[in-house]
Structure formats: structure tokens, C-alpha cells
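Colleague: I am sharing structure38.cif, which consists of mmCIF, C-alpha atoms and all ligand atoms:
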```
data_input
#
loop_
_atom_site.label_atom_id
_atom_site.label_comp_id
_atom_site.auth_asym_id
_atom_site.auth_seq_id
_atom_site.Cartn_x
_atom_site.Cartn_y
_atom_site.Cartn_z
CA MET A 1 29.46 -2.00 -6.54
CA LYS A 2 30.34 -5.25 -8.28
CA ASP A 3 27.30 -7.41 -9.02
CA PRO A 4 27.15 -10.74 -7.17
CA PRO A 5 27.41 -13.97 -9.19
CA ARG A 6 24.32 -15.51 -10.75
CA TYR A 7 22.21 -17.80 -8.59
CA ARG A 8 23.06 -20.75 -10.84
CA ASP A 9 26.77 -20.13 -10.19
CA LEU A 10 26.39 -20.38 -6.39
CA PRO A 11 28.22 -21.41 -4.35
CA LEU A 12 31.53 -20.06 -5.58
CA ASP A 13 33.34 -22.34 -3.18
CA GLN A 14 32.10 -25.89 -3.80
CA SER A 15 32.68 -26.86 -0.17
CA MET A 16 29.77 -24.58 0.80
CA PRO A 17 26.09 -25.66 0.72
CA PRO A 18 24.42 -25.73 -2.71
CA ARG A 19 22.94 -22.40 -3.87
CA SER A 20 24.35 -20.60 -0.85
CA ALA A 21 26.14 -17.26 -0.66
CA TRP A 22 28.36 -18.46 2.15
CA GLY A 23 31.85 -17.01 1.90
CA LEU A 24 30.88 -14.57 -0.86
CA TRP A 25 31.42 -11.57 1.42
CA GLY A 26 33.99 -13.30 3.60
CA LYS A 27 33.80 -16.20 6.01
CA ASP A 28 33.01 -13.88 8.96
CA ASP A 29 30.31 -11.90 7.16
CA GLU A 30 27.07 -11.30 9.07
CA LEU A 31 25.39 -8.82 6.73
CA GLY A 32 24.53 -11.01 3.75
CA THR A 33 22.76 -9.14 0.96
CA LEU A 34 22.91 -5.87 2.92
CA ASN A 35 26.50 -5.81 1.67
CA LEU A 36 24.94 -4.60 -1.57
CA LEU A 37 24.11 -1.28 0.11
CA GLY A 38 26.87 1.28 -0.34
CA THR A 39 27.25 4.98 -1.11
CA GLU A 40 26.01 4.40 -4.66
CA GLN A 41 22.73 3.00 -3.33
CA VAL A 42 22.33 5.92 -0.90
CA GLN A 43 22.88 8.32 -3.79
CA ARG A 44 20.34 6.46 -5.93
CA GLY A 45 17.87 6.62 -3.06
CA MET A 46 18.39 10.36 -2.73
CA GLN A 47 17.95 10.82 -6.47
CA SER A 48 14.54 9.12 -6.15
CA VAL A 49 13.25 11.89 -3.89
CA ARG A 50 11.00 14.22 -5.84
CA SER A 51 8.01 15.45 -3.82
CA HIS A 52 9.77 15.27 -0.41
CA LYS A 53 6.73 13.53 1.08
CA VAL A 54 7.54 11.14 3.93
CA PHE A 55 5.68 7.86 4.51
CA SER A 56 6.04 5.86 7.69
CA LEU A 57 5.90 2.17 6.84
CA ASN A 58 5.52 1.16 10.49
CA TRP A 59 2.31 -0.48 11.62
CA LYS A 60 1.20 0.15 15.19
CA LEU A 61 3.31 -1.90 17.64
CA GLU A 62 -0.02 -3.19 18.97
CA GLU A 63 -0.88 -4.79 15.60
CA PRO A 64 -1.66 -7.49 14.69
CA ASN A 65 -4.00 -7.78 17.64
CA PRO A 66 -3.80 -10.42 18.99
CA PRO A 67 -0.28 -11.23 17.70
CA PHE A 68 0.51 -14.26 15.51
CA TYR A 69 2.77 -17.29 15.87
CA GLY A 70 2.57 -17.34 19.68
CA ARG A 71 4.20 -13.92 20.03
CA GLY A 72 3.05 -11.71 22.88
CA ALA A 73 1.19 -8.40 22.91
CA ILE A 74 3.28 -5.45 23.99
CA GLN A 75 2.48 -4.04 27.44
CA HIS A 76 3.32 -0.42 28.04
CA HIS A 77 3.95 0.97 31.51
CA PRO A 78 4.39 4.72 31.79
CA PHE A 79 5.39 5.72 35.33
CA PRO A 80 5.87 9.12 36.95
CA ASN A 81 9.26 10.57 37.85
CA GLU A 82 10.44 13.95 39.18
CA VAL A 83 9.89 15.78 35.90
CA GLY A 84 7.06 13.90 34.19
CA PHE A 85 7.09 10.27 33.03
CA ASP A 86 9.41 7.47 32.06
CA ASP A 87 8.09 4.22 30.65
CA SER A 88 8.93 0.56 30.23
CA TYR A 89 7.65 -2.34 28.17
CA ASP A 90 6.85 -5.92 29.04
CA SER A 91 6.13 -8.71 26.59
CA PHE A 92 7.92 -6.83 23.80
CA TYR A 93 8.31 -9.26 20.90
CA PRO A 94 10.27 -7.39 18.23
CA GLN A 95 8.85 -9.71 15.56
CA SER A 96 5.19 -9.15 16.44
CA SER A 97 4.61 -6.17 14.14
CA THR A 98 6.54 -4.34 11.37
CA GLN A 99 9.93 -6.00 11.49
CA TRP A 100 13.22 -7.16 10.07
CA ASP A 101 14.39 -10.74 10.51
CA ALA A 102 18.07 -10.95 11.44
CA LEU A 103 20.17 -13.71 9.88
CA GLY A 104 20.02 -15.53 13.20
CA HIS A 105 16.26 -15.99 12.82
CA VAL A 106 16.12 -19.14 10.69
CA GLU A 107 18.24 -22.26 10.75
CA HIS A 108 18.40 -24.43 7.64
CA PRO A 109 17.47 -27.99 8.70
CA GLU A 110 20.53 -29.47 7.01
CA TYR A 111 23.15 -26.72 6.90
CA GLY A 112 22.47 -24.47 9.90
CA PHE A 113 22.62 -20.69 10.02
CA TYR A 114 24.02 -18.22 7.48
CA ASN A 115 27.72 -18.55 6.81
CA GLY A 116 28.02 -21.79 8.73
CA ARG A 117 26.99 -20.57 12.17
CA LYS A 118 25.61 -23.03 14.69
CA ARG A 119 22.92 -22.61 17.33
CA GLU A 120 25.54 -21.97 20.02
CA ASP A 121 27.00 -19.09 17.96
CA MET A 122 23.75 -17.16 18.45
CA ALA A 123 24.13 -16.82 22.23
CA ALA A 124 25.36 -13.44 23.49
CA ALA A 125 27.78 -15.26 25.79
CA ASN A 126 29.47 -16.69 22.70
CA GLY A 127 29.64 -13.42 20.78
CA ALA A 128 26.17 -13.53 19.23
CA ARG A 129 26.76 -14.07 15.51
CA ASN A 130 24.24 -13.06 12.82
CA GLY A 131 22.43 -10.73 15.27
CA MET A 132 20.42 -7.59 14.60
CA HIS A 133 23.30 -5.40 15.78
CA ASN A 134 24.92 -6.00 12.40
CA TYR A 135 21.98 -4.46 10.53
CA ALA A 136 21.65 -1.68 13.12
CA ARG A 137 25.28 -0.62 12.97
CA LYS A 138 25.23 -0.52 9.18
CA GLY A 139 21.88 1.26 8.83
CA ILE A 140 19.62 0.36 5.94
CA VAL A 141 19.50 3.17 3.39
CA GLY A 142 19.00 2.99 -0.35
CA ARG A 143 16.43 3.04 -3.11
CA GLY A 144 13.15 1.29 -2.34
CA VAL A 145 10.99 0.01 -5.18
CA LEU A 146 7.36 -0.95 -4.69
CA LEU A 147 5.71 -3.82 -6.49
CA ASP A 148 2.03 -3.29 -5.70
CA VAL A 149 1.05 -6.78 -6.76
CA ALA A 150 -2.39 -6.53 -5.13
CA ARG A 151 -3.28 -3.41 -7.11
CA TYR A 152 -1.83 -4.79 -10.32
CA LEU A 153 -3.73 -8.08 -10.08
CA ALA A 154 -6.95 -6.24 -9.26
CA SER A 155 -6.44 -4.16 -12.41
CA GLN A 156 -6.20 -7.44 -14.32
CA GLY A 157 -9.53 -8.66 -12.93
CA GLN A 158 -7.92 -10.85 -10.23
CA PRO A 159 -8.57 -9.03 -6.93
CA ILE A 160 -6.83 -10.39 -3.84
CA ASP A 161 -8.87 -12.00 -1.08
CA GLY A 162 -6.71 -11.23 1.96
CA SER A 163 -8.26 -14.08 3.92
CA GLN A 164 -6.91 -16.69 1.51
CA ARG A 165 -3.52 -18.03 0.55
CA ARG A 166 -2.39 -16.83 -2.83
CA ASP A 167 1.09 -17.47 -4.18
CA PHE A 168 2.51 -14.65 -6.25
CA THR A 169 4.63 -16.19 -8.98
CA VAL A 170 7.75 -14.78 -10.56
CA ALA A 171 5.53 -13.96 -13.56
CA ASP A 172 3.18 -11.96 -11.29
CA LEU A 173 6.11 -9.97 -9.91
CA GLU A 174 7.56 -9.39 -13.36
CA ALA A 175 4.21 -8.26 -14.78
CA THR A 176 3.81 -5.84 -11.86
CA ARG A 177 7.36 -4.56 -12.28
CA GLN A 178 6.91 -3.93 -15.98
CA ALA A 179 3.56 -2.20 -15.48
CA ALA A 180 5.22 0.07 -12.90
CA GLY A 181 8.11 0.87 -15.26
CA ILE A 182 10.73 -0.27 -12.76
CA THR A 183 14.18 -1.46 -13.76
CA TYR A 184 15.95 -3.10 -10.84
CA GLU A 185 19.31 -1.67 -9.83
CA THR A 186 21.84 -3.51 -7.69
CA GLY A 187 21.06 -3.03 -4.01
CA ASP A 188 17.41 -2.01 -4.41
CA ILE A 189 15.19 -2.72 -1.44
CA LEU A 190 12.22 -4.57 -2.89
CA VAL A 191 8.89 -3.83 -1.23
CA ILE A 192 5.95 -6.04 -2.21
CA ARG A 193 2.35 -5.15 -1.41
CA SER A 194 0.16 -8.22 -1.10
CA GLY A 195 -2.99 -6.45 0.10
CA TRP A 196 -3.13 -8.68 3.17
CA MET A 197 -2.83 -5.87 5.72
CA ASN A 198 -5.63 -3.91 4.10
CA TRP A 199 -7.87 -6.95 4.54
CA TYR A 200 -6.71 -7.65 8.10
CA GLU A 201 -7.41 -4.09 9.26
CA SER A 202 -11.08 -4.60 8.54
CA ALA A 203 -11.29 -8.13 10.02
CA ASP A 204 -13.56 -8.48 13.06
CA ALA A 205 -12.41 -9.44 16.55
CA GLN A 206 -13.52 -13.06 16.23
CA THR A 207 -11.62 -13.55 12.97
CA ARG A 208 -8.50 -11.93 14.44
CA ALA A 209 -8.70 -14.13 17.55
CA THR A 210 -9.05 -17.30 15.48
CA LEU A 211 -6.05 -16.44 13.30
CA ALA A 212 -3.92 -15.68 16.34
CA ASP A 213 -5.00 -18.81 18.14
CA ASP A 214 -3.41 -21.14 15.58
CA SER A 215 -1.50 -18.97 13.10
CA ILE A 216 0.56 -21.86 11.81
CA ASN A 217 -2.52 -23.63 10.45
CA LEU A 218 -5.41 -21.17 10.32
CA LEU A 219 -3.71 -18.03 9.05
CA LYS A 220 -3.99 -17.85 5.27
CA THR A 221 -2.37 -15.01 3.42
CA PRO A 222 -1.22 -13.91 0.01
CA GLY A 223 2.53 -13.51 -0.49
CA ILE A 224 5.35 -14.55 -2.78
CA SER A 225 5.63 -18.20 -3.76
CA GLY A 226 8.10 -20.47 -2.01
CA GLY A 227 9.84 -22.34 -4.81
CA GLU A 228 13.46 -22.14 -5.88
CA ASP A 229 12.52 -20.06 -8.93
CA MET A 230 11.54 -17.25 -6.56
CA ALA A 231 14.86 -17.47 -4.70
CA GLU A 232 16.65 -17.34 -8.05
CA TYR A 233 14.59 -14.35 -9.22
CA LEU A 234 15.24 -12.36 -6.06
CA TRP A 235 18.94 -13.18 -5.99
CA ASP A 236 19.46 -12.43 -9.68
CA SER A 237 17.61 -9.14 -9.28
CA HIS A 238 20.46 -8.21 -6.89
CA VAL A 239 18.11 -6.82 -4.26
CA ALA A 240 19.59 -5.98 -0.86
CA ALA A 241 16.39 -6.89 0.98
CA VAL A 242 12.78 -7.93 0.42
CA ALA A 243 9.87 -6.69 2.51
CA SER A 244 6.11 -7.06 2.37
CA ASP A 245 2.90 -6.12 4.16
CA CYS A 246 2.02 -9.76 4.88
CA PRO A 247 3.15 -11.75 7.94
CA ALA A 248 5.85 -13.91 6.34
CA VAL A 249 6.72 -12.21 2.98
CA GLU A 250 5.80 -15.53 1.42
CA ALA A 251 2.27 -16.90 1.14
CA TRP A 252 0.95 -18.73 4.19
CA PRO A 253 0.36 -21.47 5.47
CA HIS A 254 3.40 -23.68 5.04
CA GLU A 255 4.63 -27.13 5.92
CA LEU A 256 8.05 -25.62 6.69
CA LYS A 257 9.80 -27.89 4.19
CA VAL A 258 13.07 -26.94 2.52
CA ASP A 259 11.55 -27.14 -0.97
CA SER A 260 8.60 -24.89 -0.29
CA TYR A 261 9.36 -22.62 2.69
CA LEU A 262 11.31 -19.80 1.08
CA HIS A 263 12.71 -18.60 4.41
CA PHE A 264 15.08 -21.60 4.36
CA ARG A 265 16.61 -20.56 1.06
CA LEU A 266 16.62 -16.80 1.63
CA ILE A 267 17.85 -16.34 5.19
CA PRO A 268 20.34 -19.13 6.00
CA LEU A 269 21.56 -19.88 2.48
CA LEU A 270 21.50 -16.52 0.70
CA GLY A 271 21.77 -14.20 3.72
CA MET A 272 18.86 -12.10 2.52
CA ALA A 273 17.24 -9.52 4.80
CA LEU A 274 13.47 -10.04 5.09
CA GLY A 275 10.98 -7.44 6.29
CA GLU A 276 7.46 -8.39 7.31
CA MET A 277 4.19 -6.65 8.09
CA TRP A 278 5.30 -3.33 6.64
CA TYR A 279 2.51 -0.78 6.47
CA LEU A 280 2.28 0.14 2.79
CA GLU A 281 -1.21 1.51 2.25
CA GLN A 282 -0.47 5.24 2.04
CA LEU A 283 2.77 4.78 0.15
CA ALA A 284 1.00 2.53 -2.36
CA ASP A 285 -1.80 5.07 -2.89
CA GLU A 286 0.76 7.79 -3.53
CA CYS A 287 2.72 5.62 -5.97
CA ALA A 288 -0.51 4.82 -7.86
CA LYS A 289 -1.31 8.54 -7.97
CA ASP A 290 2.06 9.82 -9.19
CA ARG A 291 2.95 6.66 -11.16
CA CYS A 292 6.37 6.59 -9.57
CA TYR A 293 7.26 3.42 -7.69
CA SER A 294 10.73 4.26 -6.41
CA PHE A 295 11.71 6.26 -3.34
CA MET A 296 14.42 6.68 -0.77
CA LEU A 297 14.15 4.13 2.01
CA VAL A 298 15.70 4.64 5.45
CA SER A 299 15.50 2.10 8.26
CA ALA A 300 17.21 2.02 11.64
CA PRO A 301 16.74 -1.36 13.35
CA LEU A 302 17.32 -1.64 17.09
CA ASN A 303 21.00 -1.85 17.98
CA LYS A 304 20.46 -4.96 20.09
CA PHE A 305 23.48 -7.20 20.33
CA GLY A 306 22.40 -10.63 19.17
CA GLY A 307 18.83 -9.48 18.46
CA VAL A 308 16.88 -11.92 16.29
CA GLY A 309 14.26 -9.46 15.05
CA SER A 310 13.64 -5.74 15.28
CA PRO A 311 10.95 -3.20 14.55
CA ALA A 312 11.90 -1.90 11.12
CA ASN A 313 11.62 1.81 12.03
CA VAL A 314 11.35 2.44 8.34
CA LEU A 315 10.50 5.53 6.29
CA ALA A 316 9.97 6.01 2.58
CA ILE A 317 10.69 9.45 1.16
CA LYS A 318 9.19 10.17 -2.26
C1 LIG B 401 7.20 -16.73 9.44
O1 LIG B 401 7.75 -17.30 8.53
C2 LIG B 401 6.25 -17.42 10.31
O2 LIG B 401 7.45 -15.43 9.66
P1 LIG B 401 8.63 -14.92 10.59
O3 LIG B 401 9.79 -14.67 9.71
O4 LIG B 401 8.11 -13.68 11.24
O5 LIG B 401 8.95 -15.97 11.62
#
```
Please lay out the structure from this file as C-alpha cells.
Ligand code: UVW

Modeller:
Amino acid sequence: MKDPPRYRDLPLDQSMPPRSAWGLWGKDDELGTLNLLGTEQVQRGMQSVRSHKVFSLNWKLEEPNPPFYGRGAIQHHPFPNEVGFDDSYDSFYPQSSTQWDALGHVEHPEYGFYNGRKREDMAAANGARNGMHNYARKGIVGRGVLLDVARYLASQGQPIDGSQRRDFTVADLEATRQAAGITYETGDILVIRSGWMNWYESADAQTRATLADDSINLLKTPGISGGEDMAEYLWDSHVAAVASDCPAVEAWPHELKVDSYLHFRLIPLLGMALGEMWYLEQLADECAKDRCYSFMLVSAPLNKFGGVGSPANVLAIK
């Protein structure tokens, strides 16, 4: 697969927003950086399989409990039928737990949605552009690489406090990558462990309730930093997607400004797939044990036409 242009050379078409990938994969594209996943990436993923151990990276659908950002808690209703049970869900917020963000999730304040879509383009009645069905129909398969930043920083005498904001810099990511012996390949799925979920799992009920009550202001988490240098690093690493164990991939809280909230650069401008609240604990332990930080990654998002988010349904195979 041909490498995309450098971040500094974006956009290729000067009529497009600055530092955007709009038009790069065609004016009707709705896959963004997932276009970097092809047969070569599947093959590379398969070549990463050595021990044939499978790791589910899916947190419980009931976690975090209570949910953040005003999202609801899933309600499960099994009910009897002639042969046993069926079931249904209420209050199912596909972005509550382990998830992908579709490209319809975030609107740039000035330029709108990825590839020039407007709010009205998101409605199913209008053909639902940038929806989760695009990711679902493609399937997300390739080589995953883990940057266990939390473990690396702890080894350097800088342990993570999961209850506090901490911005991982490009230098932190690079130091972790080099220590892990990873060389990025085009279309890698970058998985970043912040250590936040490990902290949250041991938080008491009162702490959890407080964080859920006002997640925008009271939730504080480690994660990647929100400046343009991070967008440039991720883009120039040619990753197909970035996922993390923390709630927003990037450190929290945020003022949701264009210059500091990385979501605005990554989703609407660069078309980058973001995964959040991925459960990485067992995978990370195994990687630390066998000193191998690459694996095959397989994810099948929900095939929901126009869906904005989806459980990631993601497995790592080492
Ligand atoms: C935040 O940025 C709040 O995360 P999400 O992508 O789940 O909305």
C-alpha cells in the first residue's frame, strides 16, 4: 500500500481545510485512515501470531459504572419464549464502554465533519454519511502494536496516578516504542495503555459516582497529549487507528478547544479511527512477559447504518 503524504504536506488539495486528509481517498470516502488496512496488513497481523493465545480487549458492557459523559447504563431484559429465552436491551449507549468512534462522532467547529459532511448528512433519512456501517462492512483486521506507556514510565520511576490528568508527549510514546523494539509499519493499529483502567477498577463506589456525575470537569485521566505535534506524530506513523484504555484516548479534562482537544484534529480533519476504554491489562502483562508487543488484531464493529459509536468487539491474538 502506498504511504500517505506527510502531515506537513496536507492538504493535497489547497481548497480543503488546513492539515486535513479530505479528498485523499476520494471525495466520497467514509473510511479515513482505515483505508490503510489491506491484505498486506492482514498478512502482517497473521505473521505476528506466535503463541496463538487470544486476548479479549472488551471491558464489561456494564463498565464504567456508572457511565461517563451523561451516557446511560445498559439494561438487560431476558424474557422466556417457547424454547428458552430471548433478550433485549434498553439504554444501550454504544459509546459507554469499549468502543470505536465513527467519523460522524465529532464535528470540527469551523470545518464540519470528515470529508466535508454537514450535520444533516449524518441522518439516516439522508443516507447517513460517516456512520459505523462503513467500519463494520470493512472489518478491522491488521497488526496491533502495544505501547504500554504506563509500564514504561513506571520503569523510569514515574508511576502513573490514574486519578490524575497526565499528558503523554510524543517523546513518551517514542521512548516506549523504542524500549519495546517496535518499528511502525503502514496500517498498524496503535494501542496505548495509560494505566487508567487499572486504577478505575479499584476505585470505590463514591469515587466512581463523583466522576460520573460531572465527567466533563471532575474526571481526570492520563492519555496522549492534545497538541498538533501529536496529530503529526500519529499521522506520520501511518497508523490506521489509535486506541487506548482511557475514556478519551487523550488526557482529560479538556476545554474542547481546537488547539488542545485532539479529537478535532484526528476525527474530522484526518479521518482517524479512535478506540476508547479498551481492556488491555492481560494483553499488557503477556507482552511484558514475552517481550513481544505486536499481535494480530481483529475487530467487528456493529453493522449499524449511521451508527456513531460501536462496541469494539476486539480480539488480540499473540
Ligand atoms: C471524549 O472525548 C469525551 O470521548 P468520546 O470520544 O467517547 O466522546

Colleague: Do a neighbour search on segment 205-209 of chain A at 9 Å with all atoms listed in the file, toss out local chain neighbours closer than 6 positions, and write the hits as a tab-separated table (two decimals) with C-alpha atoms, keeping the file's coordinate frame.

Modeller:
```
chain	number	residue	atom	x	y	z
A	64	PRO	CA	-1.66	-7.49	14.69
A	65	ASN	CA	-4.00	-7.78	17.64
A	66	PRO	CA	-3.80	-10.42	18.99
A	67	PRO	CA	-0.28	-11.23	17.70
```

Colleague: Find the residues with any atom within 12 Å of (23.4, -8.8, 22.4); use all atoms listed in the file and the coordinates as given in the file, and write the answer as a list in words.

Modeller: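 Collected hits near the coordinates: Gly104, Asp121, Met122, Ala123, Ala124, Ala125, Asn126, Gly127, Ala128, Arg129, Asn130, Gly131, Met132, His133, Asn134, Ala136, Leu302, Asn303, Lys304, Phe305, Gly306, Gly307, Val308 and Gly309 of chain A.
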
Colleague: If you count all atoms listed in the file, which residues fall within 10 Å of Leu266 of chain A, apart from same-chain ones fewer than 5 positions away, as number ranges by chain?

Modeller: A: 20-21, 33, 103, 106, 108, 114, 226, 228, 230-232, 234-235, 241-242, 261, 271-274

Colleague: Quick one: pull the distance between atom CA of Ala73 of chain A and atom CA of Glu255 of chain A, Å, one decimal.

Modeller: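 Computing the Euclidean distance for atom CA of Ala73 of chain A and atom CA of Glu255 of chain A yields 25.5 Å.
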
Colleague: Within 10 Å of ligand LIG 401 (chain B), counting all atoms listed in the file, which protein or nucleic acid residues do you find, written as a ChimeraX atom specification?

Modeller: /A:68-69,71,94-102,105-106,215-216,246-254,256,261-264,267,274-277,309

Colleague: May I have a table of the residues of segment 248-285 of chain A lying at most 12 Å from segment 147-153 of chain A, giving each one's closest pair of atoms and their distance in Å to one decimal, counting only C-alpha atoms, ordered by chain and ascending residue number, as JSON lines?

Modeller:
```
{"residue": "A:Leu280", "atom": "CA", "partner": "A:Asp148", "partner_atom": "CA", "distance": 9.2}
{"residue": "A:Glu281", "atom": "CA", "partner": "A:Asp148", "partner_atom": "CA", "distance": 9.8}
{"residue": "A:Gln282", "atom": "CA", "partner": "A:Asp148", "partner_atom": "CA", "distance": 11.8}
{"residue": "A:Leu283", "atom": "CA", "partner": "A:Asp148", "partner_atom": "CA", "distance": 10.0}
{"residue": "A:Ala284", "atom": "CA", "partner": "A:Asp148", "partner_atom": "CA", "distance": 6.8}
{"residue": "A:Asp285", "atom": "CA", "partner": "A:Arg151", "partner_atom": "CA", "distance": 9.6}
```

Colleague: Just want the 6 Å neighbourhood of Trp278 of chain A, counted on all atoms listed in the file, with same-chain residues fewer than 5 positions away dropped. Output as a ChimeraX atom specification.

Modeller: /A:57-58,98,244-245

Colleague: What is the distance between atom CA of Gly181 of chain A and atom CA of Gln47 of chain A, in Å to one decimal?

Modeller: 16.5 Å

Colleague: What is the atom CA of Tyr93 of chain A to atom CA of Leu219 of chain A distance in Å?

Modeller: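 Distance reported for this atom pair: 19.0 Å.
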
Colleague: Just want the 8 Å neighbourhood of segment 74-78 of chain A, counted on only C-alpha atoms, with same-chain residues fewer than 4 positions away dropped. Output as a PDB file with C-alpha atoms, in the frame of the given file.

Modeller:
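Okay, this is what ended up in part_37.pdb:
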```pdb
ATOM      1  CA  LEU A  61       3.310  -1.900  17.640  1.00  0.00           C
ATOM      2  CA  GLU A  62      -0.020  -3.190  18.970  1.00  0.00           C
ATOM      3  CA  PHE A  85       7.090  10.270  33.030  1.00  0.00           C
ATOM      4  CA  ASP A  86       9.410   7.470  32.060  1.00  0.00           C
ATOM      5  CA  ASP A  87       8.090   4.220  30.650  1.00  0.00           C
ATOM      6  CA  SER A  88       8.930   0.560  30.230  1.00  0.00           C
ATOM      7  CA  TYR A  89       7.650  -2.340  28.170  1.00  0.00           C
ATOM      8  CA  ASP A  90       6.850  -5.920  29.040  1.00  0.00           C
ATOM      9  CA  SER A  91       6.130  -8.710  26.590  1.00  0.00           C
ATOM     10  CA  PHE A  92       7.920  -6.830  23.800  1.00  0.00           C
ATOM     11  CA  TYR A  93       8.310  -9.260  20.900  1.00  0.00           C
TER      12      TYR A  93
END
```

Colleague: Within 12 Å of segment 10-16 of chain A, which residues of segment 95-127 of chain A show up? Give each one with its shortest atom-to-atom distance in Å (one decimal) and the two atoms involved, counting all atoms listed in the file, rows by chain then rising residue number, as a tab-separated table.

Modeller:
```
residue	atom	partner	partner_atom	distance
A:Tyr111	CA	A:Met16	CA	9.3
A:Gly112	CA	A:Met16	CA	11.7
A:Tyr114	CA	A:Met16	CA	10.9
A:Asn115	CA	A:Met16	CA	8.8
A:Gly116	CA	A:Met16	CA	8.6
```

Colleague: With C-alpha atoms retained, write the just-selected residues as a CSV table (one decimal), in the frame of the given file.

Modeller:
```
chain,number,residue,atom,x,y,z
A,111,TYR,CA,23.2,-26.7,6.9
A,112,GLY,CA,22.5,-24.5,9.9
A,114,TYR,CA,24.0,-18.2,7.5
A,115,ASN,CA,27.7,-18.6,6.8
A,116,GLY,CA,28.0,-21.8,8.7
```

Colleague: Nearest to Gly162 of chain A: which of A:Trp196, A:Phe295, A:Trp25, A:Phe79 is it, counting all atoms listed in the file?

Modeller: A:Trp196

Colleague: Show which residues sit within 10 Å of Ser51 of chain A, as a PDB file with C-alpha atoms, in the frame of the given file. Count all atoms listed in the file, and ignore same-chain residues fewer than 3 positions away.

Modeller:
```
ATOM      1  CA  SER A  48      14.540   9.120  -6.150  1.00  0.00           C
ATOM      2  CA  VAL A  54       7.540  11.140   3.930  1.00  0.00           C
ATOM      3  CA  ASP A 290       2.060   9.820  -9.190  1.00  0.00           C
ATOM      4  CA  PHE A 295      11.710   6.260  -3.340  1.00  0.00           C
ATOM      5  CA  ILE A 317      10.690   9.450   1.160  1.00  0.00           C
ATOM      6  CA  LYS A 318       9.190  10.170  -2.260  1.00  0.00           C
TER       7      LYS A 318
END
```

Colleague: Have a look at A:Leu146, A:Val49, A:Ile160, A:Val141 and name the one nearest to Gln178 of chain A; count only C-alpha atoms.

Modeller: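 Of A:Leu146, A:Val49, A:Ile160, A:Val141, the one nearest Gln178 of chain A is A:Leu146, counting only C-alpha atoms.
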
Colleague: Fix up segment 55-61 of chain A with all heavy atoms, then write it as a JSON list (two decimals), keeping the file's coordinate frame.

Modeller:
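What ended up in rebuild-v3.json:
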```json
[["chain", "number", "residue", "atom", "x", "y", "z"],
["A", 55, "PHE", "N", 6.67, 8.89, 4.16],
["A", 55, "PHE", "CA", 5.68, 7.86, 4.51],
["A", 55, "PHE", "C", 6.28, 6.92, 5.55],
["A", 55, "PHE", "O", 7.34, 6.32, 5.30],
["A", 55, "PHE", "CB", 5.27, 7.07, 3.25],
["A", 55, "PHE", "CG", 4.57, 7.93, 2.25],
["A", 55, "PHE", "CD1", 5.31, 8.68, 1.33],
["A", 55, "PHE", "CD2", 3.19, 8.05, 2.26],
["A", 55, "PHE", "CE1", 4.68, 9.51, 0.42],
["A", 55, "PHE", "CE2", 2.55, 8.88, 1.36],
["A", 55, "PHE", "CZ", 3.30, 9.61, 0.44],
["A", 56, "SER", "N", 5.61, 6.83, 6.69],
["A", 56, "SER", "CA", 6.04, 5.86, 7.69],
["A", 56, "SER", "C", 5.47, 4.50, 7.31],
["A", 56, "SER", "O", 4.26, 4.36, 7.09],
["A", 56, "SER", "CB", 5.51, 6.28, 9.08],
["A", 56, "SER", "OG", 5.72, 5.20, 9.97],
["A", 57, "LEU", "N", 6.35, 3.51, 7.23],
["A", 57, "LEU", "CA", 5.90, 2.17, 6.84],
["A", 57, "LEU", "C", 5.76, 1.27, 8.07],
["A", 57, "LEU", "O", 5.83, 0.04, 7.98],
["A", 57, "LEU", "CB", 6.89, 1.56, 5.84],
["A", 57, "LEU", "CG", 7.22, 2.42, 4.61],
["A", 57, "LEU", "CD1", 8.08, 1.64, 3.62],
["A", 57, "LEU", "CD2", 5.96, 2.94, 3.92],
["A", 58, "ASN", "N", 5.59, 1.91, 9.23],
["A", 58, "ASN", "CA", 5.52, 1.16, 10.49],
["A", 58, "ASN", "C", 4.08, 1.04, 10.95],
["A", 58, "ASN", "O", 3.39, 2.04, 11.19],
["A", 58, "ASN", "CB", 6.34, 1.90, 11.55],
["A", 58, "ASN", "CG", 7.76, 2.13, 11.07],
["A", 58, "ASN", "OD1", 8.53, 1.19, 10.91],
["A", 58, "ASN", "ND2", 8.10, 3.38, 10.78],
["A", 59, "TRP", "N", 3.64, -0.20, 11.07],
["A", 59, "TRP", "CA", 2.31, -0.48, 11.62],
["A", 59, "TRP", "C", 2.38, -0.16, 13.11],
["A", 59, "TRP", "O", 3.48, -0.06, 13.68],
["A", 59, "TRP", "CB", 2.01, -1.96, 11.43],
["A", 59, "TRP", "CG", 0.59, -2.34, 11.23],
["A", 59, "TRP", "CD1", -0.49, -1.52, 11.05],
["A", 59, "TRP", "CD2", 0.08, -3.68, 11.17],
["A", 59, "TRP", "NE1", -1.61, -2.26, 10.86],
["A", 59, "TRP", "CE2", -1.30, -3.58, 10.94],
["A", 59, "TRP", "CE3", 0.66, -4.96, 11.29],
["A", 59, "TRP", "CZ2", -2.12, -4.71, 10.84],
["A", 59, "TRP", "CZ3", -0.14, -6.07, 11.18],
["A", 59, "TRP", "CH2", -1.52, -5.97, 10.96],
["A", 60, "LYS", "N", 1.18, -0.05, 13.74],
["A", 60, "LYS", "CA", 1.20, 0.15, 15.19],
["A", 60, "LYS", "C", 1.89, -1.04, 15.86],
["A", 60, "LYS", "O", 1.66, -2.19, 15.45],
["A", 60, "LYS", "CB", -0.23, 0.23, 15.73],
["A", 60, "LYS", "CG", -0.99, 1.43, 15.29],
["A", 60, "LYS", "CD", -2.41, 1.32, 15.85],
["A", 60, "LYS", "CE", -3.37, 2.13, 15.03],
["A", 60, "LYS", "NZ", -4.76, 1.69, 15.18],
["A", 61, "LEU", "N", 2.66, -0.79, 16.92],
["A", 61, "LEU", "CA", 3.31, -1.90, 17.64],
["A", 61, "LEU", "C", 2.27, -2.85, 18.24],
["A", 61, "LEU", "O", 2.57, -3.99, 18.55],
["A", 61, "LEU", "CB", 4.21, -1.36, 18.75],
["A", 61, "LEU", "CG", 5.61, -0.88, 18.33],
["A", 61, "LEU", "CD1", 6.35, -0.29, 19.52],
["A", 61, "LEU", "CD2", 6.42, -2.01, 17.72]]
```
